[in-house]
Amino acid sequence: MIDGRVRVSQHAAQEFVKDFGGTIEQALSRIGHNIRKATRVSEVIGIDGKAGTLYAYGGTCYIVRHDGNTPVVVTVYKTEPVVVVIRDKVREMLMRELRRIERKEREITRRVAIEKAEIAVEIAQVNLRMVRSRSASVKTACQARINALNAAITELDAELSAVIGDKRAVAKTVAAYI
């Protein structure tokens with residue numbers, strides 16, 4: 001992402017108009033707006049042998065070179081059509097990752113449910129002991145144990161929430177490639 005002032009070359013504006021339509025003034029505005037949202041892809045060497053940085057955003061590629069401290073958009077072009085073989089490989093890799101995290105989510109959900117049930121049984125036993133006891137120290141110890149068990153339940157819930165969040169992030173990534 002580029003912040004601050006950006007210059008747009010006349011060639012870049014003309015290429016934008018040729019590929020996307022509009023006027024030169026609209027092209028200058030749209031390039032300036034979009035380059036701030038663009039993602040840096042890689043350093044590239046142009047046909048003229050000069051180095052630049054390739055940015056991409058919204059189906060458009062931008063080549064940026066620096067003139068002193070000022071970035072200059074020197075050319076603009078539509079992104080190349082996706083090579084189906086590569087797209088399919090990336091999609092399959094992402095789907096494998098999604099399936100892996102779904103398995104992990106199922107395993108952790110099951111384990112958390114079992115551990116929470118075991119903790120609930122222990123809380124009930126400790127609570128029964130606390131009610132039956134006449135000793136203040138036993139009641140205090142029982143309450144401390146119940147508090148510790150409740151904290152363990154909170155940790156289990158947090159662990160499950162983290163896995164669910166990871167799954168959500170991977171699913172959104174997969175959606176971007178579908």
# chains A, B, ... in the order shown; residues from 1 in each chain; ligands from 1

$ select_by_dssp --residues "chain A" --states "alpha helix (DSSP H)" --output "ChimeraX atom specification"
/A:10-20,24-35,84-132,136-176

$ residues_around --residues "segment 150-166 of chain A" --least-positions-apart "2" --cutoff "9 Å" --atoms "only C-alpha atoms" --output "ChimeraX atom specification"
/A:101-102,104-105,108-109,112-113,115-116,119-120,123,145-148,168-171

$ write_last_selection --atoms "N, CA and C atoms" --output "PDB file, in the first residue's frame"
ATOM      1  N   ILE A 101      -8.687 -27.692   9.232  1.00  0.00           N
ATOM      2  CA  ILE A 101      -9.138 -26.885  10.367  1.00  0.00           C
ATOM      3  C   ILE A 101     -10.550 -27.298  10.796  1.00  0.00           C
ATOM      4  N   GLU A 102     -11.368 -27.784   9.861  1.00  0.00           N
ATOM      5  CA  GLU A 102     -12.691 -28.300  10.245  1.00  0.00           C
ATOM      6  C   GLU A 102     -12.558 -29.562  11.093  1.00  0.00           C
ATOM      7  N   LYS A 104      -9.984 -30.265  12.982  1.00  0.00           N
ATOM      8  CA  LYS A 104      -9.479 -29.777  14.264  1.00  0.00           C
ATOM      9  C   LYS A 104     -10.619 -29.188  15.086  1.00  0.00           C
ATOM     10  N   GLU A 105     -11.509 -28.436  14.445  1.00  0.00           N
ATOM     11  CA  GLU A 105     -12.640 -27.854  15.155  1.00  0.00           C
ATOM     12  C   GLU A 105     -13.542 -28.952  15.736  1.00  0.00           C
ATOM     13  N   ILE A 108     -11.709 -30.599  18.725  1.00  0.00           N
ATOM     14  CA  ILE A 108     -11.662 -29.731  19.900  1.00  0.00           C
ATOM     15  C   ILE A 108     -13.058 -29.545  20.477  1.00  0.00           C
ATOM     16  N   THR A 109     -14.077 -29.428  19.619  1.00  0.00           N
ATOM     17  CA  THR A 109     -15.451 -29.302  20.112  1.00  0.00           C
ATOM     18  C   THR A 109     -15.827 -30.512  20.950  1.00  0.00           C
ATOM     19  N   VAL A 112     -13.673 -30.541  24.232  1.00  0.00           N
ATOM     20  CA  VAL A 112     -14.129 -29.502  25.152  1.00  0.00           C
ATOM     21  C   VAL A 112     -15.452 -29.908  25.799  1.00  0.00           C
ATOM     22  N   ALA A 113     -16.354 -30.477  25.000  1.00  0.00           N
ATOM     23  CA  ALA A 113     -17.650 -30.912  25.554  1.00  0.00           C
ATOM     24  C   ALA A 113     -17.454 -31.990  26.624  1.00  0.00           C
ATOM     25  N   GLU A 115     -14.652 -32.585  28.418  1.00  0.00           N
ATOM     26  CA  GLU A 115     -13.971 -32.008  29.582  1.00  0.00           C
ATOM     27  C   GLU A 115     -14.918 -31.126  30.394  1.00  0.00           C
ATOM     28  N   LYS A 116     -15.772 -30.364  29.715  1.00  0.00           N
ATOM     29  CA  LYS A 116     -16.729 -29.524  30.443  1.00  0.00           C
ATOM     30  C   LYS A 116     -17.735 -30.377  31.220  1.00  0.00           C
ATOM     31  N   ILE A 119     -15.952 -31.663  34.232  1.00  0.00           N
ATOM     32  CA  ILE A 119     -15.795 -30.570  35.194  1.00  0.00           C
ATOM     33  C   ILE A 119     -17.125 -30.295  35.894  1.00  0.00           C
ATOM     34  N   ALA A 120     -18.223 -30.350  35.147  1.00  0.00           N
ATOM     35  CA  ALA A 120     -19.544 -30.123  35.742  1.00  0.00           C
ATOM     36  C   ALA A 120     -19.837 -31.179  36.811  1.00  0.00           C
ATOM     37  N   ILE A 123     -17.713 -30.293  39.779  1.00  0.00           N
ATOM     38  CA  ILE A 123     -18.287 -29.141  40.485  1.00  0.00           C
ATOM     39  C   ILE A 123     -19.456 -29.595  41.353  1.00  0.00           C
ATOM     40  N   ARG A 145     -11.980 -24.477  44.945  1.00  0.00           N
ATOM     41  CA  ARG A 145     -11.919 -25.513  43.895  1.00  0.00           C
ATOM     42  C   ARG A 145     -12.977 -25.246  42.821  1.00  0.00           C
ATOM     43  N   ILE A 146     -14.167 -24.853  43.227  1.00  0.00           N
ATOM     44  CA  ILE A 146     -15.233 -24.534  42.269  1.00  0.00           C
ATOM     45  C   ILE A 146     -14.816 -23.353  41.392  1.00  0.00           C
ATOM     46  N   ASN A 147     -14.201 -22.344  41.996  1.00  0.00           N
ATOM     47  CA  ASN A 147     -13.724 -21.190  41.224  1.00  0.00           C
ATOM     48  C   ASN A 147     -12.662 -21.610  40.203  1.00  0.00           C
ATOM     49  N   ALA A 148     -11.750 -22.497  40.623  1.00  0.00           N
ATOM     50  CA  ALA A 148     -10.707 -22.984  39.714  1.00  0.00           C
ATOM     51  C   ALA A 148     -11.328 -23.783  38.560  1.00  0.00           C
ATOM     52  N   ARG A 168     -12.995 -19.443  10.478  1.00  0.00           N
ATOM     53  CA  ARG A 168     -13.674 -18.352   9.783  1.00  0.00           C
ATOM     54  C   ARG A 168     -12.703 -17.640   8.836  1.00  0.00           C
ATOM     55  N   ALA A 169     -11.501 -17.379   9.305  1.00  0.00           N
ATOM     56  CA  ALA A 169     -10.507 -16.681   8.480  1.00  0.00           C
ATOM     57  C   ALA A 169     -10.125 -17.515   7.258  1.00  0.00           C
ATOM     58  N   VAL A 170      -9.923 -18.811   7.454  1.00  0.00           N
ATOM     59  CA  VAL A 170      -9.563 -19.682   6.326  1.00  0.00           C
ATOM     60  C   VAL A 170     -10.733 -19.776   5.347  1.00  0.00           C
ATOM     61  N   ALA A 171     -11.943 -19.866   5.852  1.00  0.00           N
ATOM     62  CA  ALA A 171     -13.114 -19.952   4.977  1.00  0.00           C
ATOM     63  C   ALA A 171     -13.245 -18.694   4.130  1.00  0.00           C
TER      64      ALA A 171
END

$ select_by_dssp --residues "chain A" --states "strand (DSSP E)" --output "VMD selection string"
chain A and resid 7 to 8 39 to 45 51 to 57 60 to 67 70 to 78

$ residues_around --residues "Glu15 of chain A" --least-positions-apart "4" --cutoff "7 Å" --atoms "only C-alpha atoms" --output "MDAnalysis selection string"
chainID A and resid 11 19 75:77

$ closest_atom_pairs --of "segment 47-142 of chain A" --to "segment 30-39 of chain A" --cutoff "8 Å" --atoms "only C-alpha atoms" --output "Markdown table"
| residue | atom | partner | partner_atom | distance |
| --- | --- | --- | --- | --- |
| A:Tyr55 | CA | A:Thr39 | CA | 5.3 |
| A:Ala56 | CA | A:Ala38 | CA | 5.2 |
| A:Tyr57 | CA | A:Ala38 | CA | 4.6 |
| A:Tyr62 | CA | A:Ile35 | CA | 7.4 |

$ residues_around --residues "Glu25 of chain A" --least-positions-apart "5" --cutoff "12 Å" --atoms "only C-alpha atoms" --output "list in words"
Val8, Gln10, Ala12, Ala13, Gln14, Phe16, Val17, Arg30, Ile31 and Gly32 of chain A

$ write_last_selection --atoms "C-alpha atoms" --output "mmCIF file, in the first residue's frame"
data_model
loop_
_atom_site.group_PDB
_atom_site.id
_atom_site.type_symbol
_atom_site.label_atom_id
_atom_site.label_comp_id
_atom_site.auth_asym_id
_atom_site.auth_seq_id
_atom_site.Cartn_x
_atom_site.Cartn_y
_atom_site.Cartn_z
ATOM 1 C CA VAL A 8 0.637 9.389 -12.282
ATOM 2 C CA GLN A 10 0.630 10.469 -18.786
ATOM 3 C CA ALA A 12 -0.328 5.328 -17.188
ATOM 4 C CA ALA A 13 -3.420 7.531 -17.556
ATOM 5 C CA GLN A 14 -3.643 6.770 -21.286
ATOM 6 C CA PHE A 16 -6.005 3.193 -18.004
ATOM 7 C CA VAL A 17 -8.368 4.956 -20.430
ATOM 8 C CA ARG A 30 -9.091 6.532 -10.179
ATOM 9 C CA ILE A 31 -5.426 5.540 -10.362
ATOM 10 C CA GLY A 32 -4.555 7.831 -7.463
#

$ closest_residue --among "A:Gln143, A:Ser135, A:Thr53, A:Ser42" --to "Val74 of chain A" --atoms "only C-alpha atoms"
A:Thr53

$ residues_around --residues "segment 124-130 of chain A" --least-positions-apart "2" --cutoff "6 Å" --atoms "only C-alpha atoms" --output "list of chain:residue names"
A:Val121, A:Glu122, A:Arg132, A:Ser133, A:Lys139, A:Cys142

$ write_last_selection --atoms "C-alpha atoms" --output "short mmCIF file (atom, residue, chain, number, x, y, z; two decimals), in the first residue's frame"
data_model
loop_
_atom_site.label_atom_id
_atom_site.label_comp_id
_atom_site.auth_asym_id
_atom_site.auth_seq_id
_atom_site.Cartn_x
_atom_site.Cartn_y
_atom_site.Cartn_z
CA VAL A 121 -19.65 -33.50 37.52
CA GLU A 122 -16.67 -32.50 39.68
CA ARG A 132 -22.59 -31.37 53.73
CA SER A 133 -19.57 -29.98 55.55
CA LYS A 139 -16.27 -24.81 52.66
CA CYS A 142 -14.49 -26.25 48.18
#

$ atom_distance --atom1 "atom CA of Asp88 of chain A" --atom2 "atom CA of Arg103 of chain A"
22.2 Å

$ closest_residue --among "A:Leu54, A:Val6, A:Val44, A:Leu149" --to "Val72 of chain A" --atoms "only C-alpha atoms"
A:Val6

$ decode --residues "segment 122-140 of chain A" --atoms "N, CA and C atoms" --output "tab-separated table (two decimals), in the first residue's frame"
chain	number	residue	atom	x	y	z
A	122	GLU	N	-17.55	-32.80	38.55
A	122	GLU	CA	-16.67	-32.50	39.68
A	122	GLU	C	-17.19	-31.32	40.48
A	123	ILE	N	-17.71	-30.29	39.78
A	123	ILE	CA	-18.29	-29.14	40.48
A	123	ILE	C	-19.46	-29.59	41.35
A	124	ALA	N	-20.29	-30.48	40.80
A	124	ALA	CA	-21.44	-30.98	41.57
A	124	ALA	C	-20.97	-31.75	42.81
A	125	GLN	N	-19.93	-32.57	42.65
A	125	GLN	CA	-19.41	-33.33	43.79
A	125	GLN	C	-18.83	-32.40	44.85
A	126	VAL	N	-18.06	-31.41	44.40
A	126	VAL	CA	-17.45	-30.47	45.35
A	126	VAL	C	-18.55	-29.65	46.03
A	127	ASN	N	-19.55	-29.27	45.26
A	127	ASN	CA	-20.67	-28.50	45.81
A	127	ASN	C	-21.41	-29.32	46.87
A	128	LEU	N	-21.62	-30.61	46.61
A	128	LEU	CA	-22.27	-31.50	47.58
A	128	LEU	C	-21.42	-31.59	48.85
A	129	ARG	N	-20.12	-31.75	48.68
A	129	ARG	CA	-19.22	-31.82	49.84
A	129	ARG	C	-19.29	-30.52	50.64
A	130	MET	N	-19.34	-29.38	49.94
A	130	MET	CA	-19.39	-28.08	50.61
A	130	MET	C	-20.70	-27.94	51.40
A	131	VAL	N	-21.81	-28.40	50.83
A	131	VAL	CA	-23.10	-28.30	51.52
A	131	VAL	C	-23.14	-29.21	52.74
A	132	ARG	N	-22.56	-30.41	52.64
A	132	ARG	CA	-22.59	-31.37	53.73
A	132	ARG	C	-21.66	-30.98	54.88
A	133	SER	N	-20.59	-30.27	54.54
A	133	SER	CA	-19.57	-29.98	55.55
A	133	SER	C	-20.02	-28.87	56.50
A	134	ARG	N	-19.56	-29.02	57.75
A	134	ARG	CA	-19.81	-27.97	58.75
A	134	ARG	C	-18.59	-27.09	58.94
A	135	SER	N	-17.47	-27.53	58.44
A	135	SER	CA	-16.21	-26.82	58.64
A	135	SER	C	-16.09	-25.64	57.67
A	136	ALA	N	-15.74	-24.50	58.23
A	136	ALA	CA	-15.57	-23.30	57.41
A	136	ALA	C	-14.37	-23.44	56.46
A	137	SER	N	-13.31	-24.07	56.94
A	137	SER	CA	-12.12	-24.24	56.09
A	137	SER	C	-12.41	-25.18	54.92
A	138	VAL	N	-13.23	-26.22	55.15
A	138	VAL	CA	-13.59	-27.13	54.06
A	138	VAL	C	-14.47	-26.38	53.05
A	139	LYS	N	-15.41	-25.57	53.55
A	139	LYS	CA	-16.27	-24.81	52.66
A	139	LYS	C	-15.46	-23.82	51.82
A	140	THR	N	-14.47	-23.18	52.44
A	140	THR	CA	-13.60	-22.25	51.72
A	140	THR	C	-12.79	-22.97	50.65
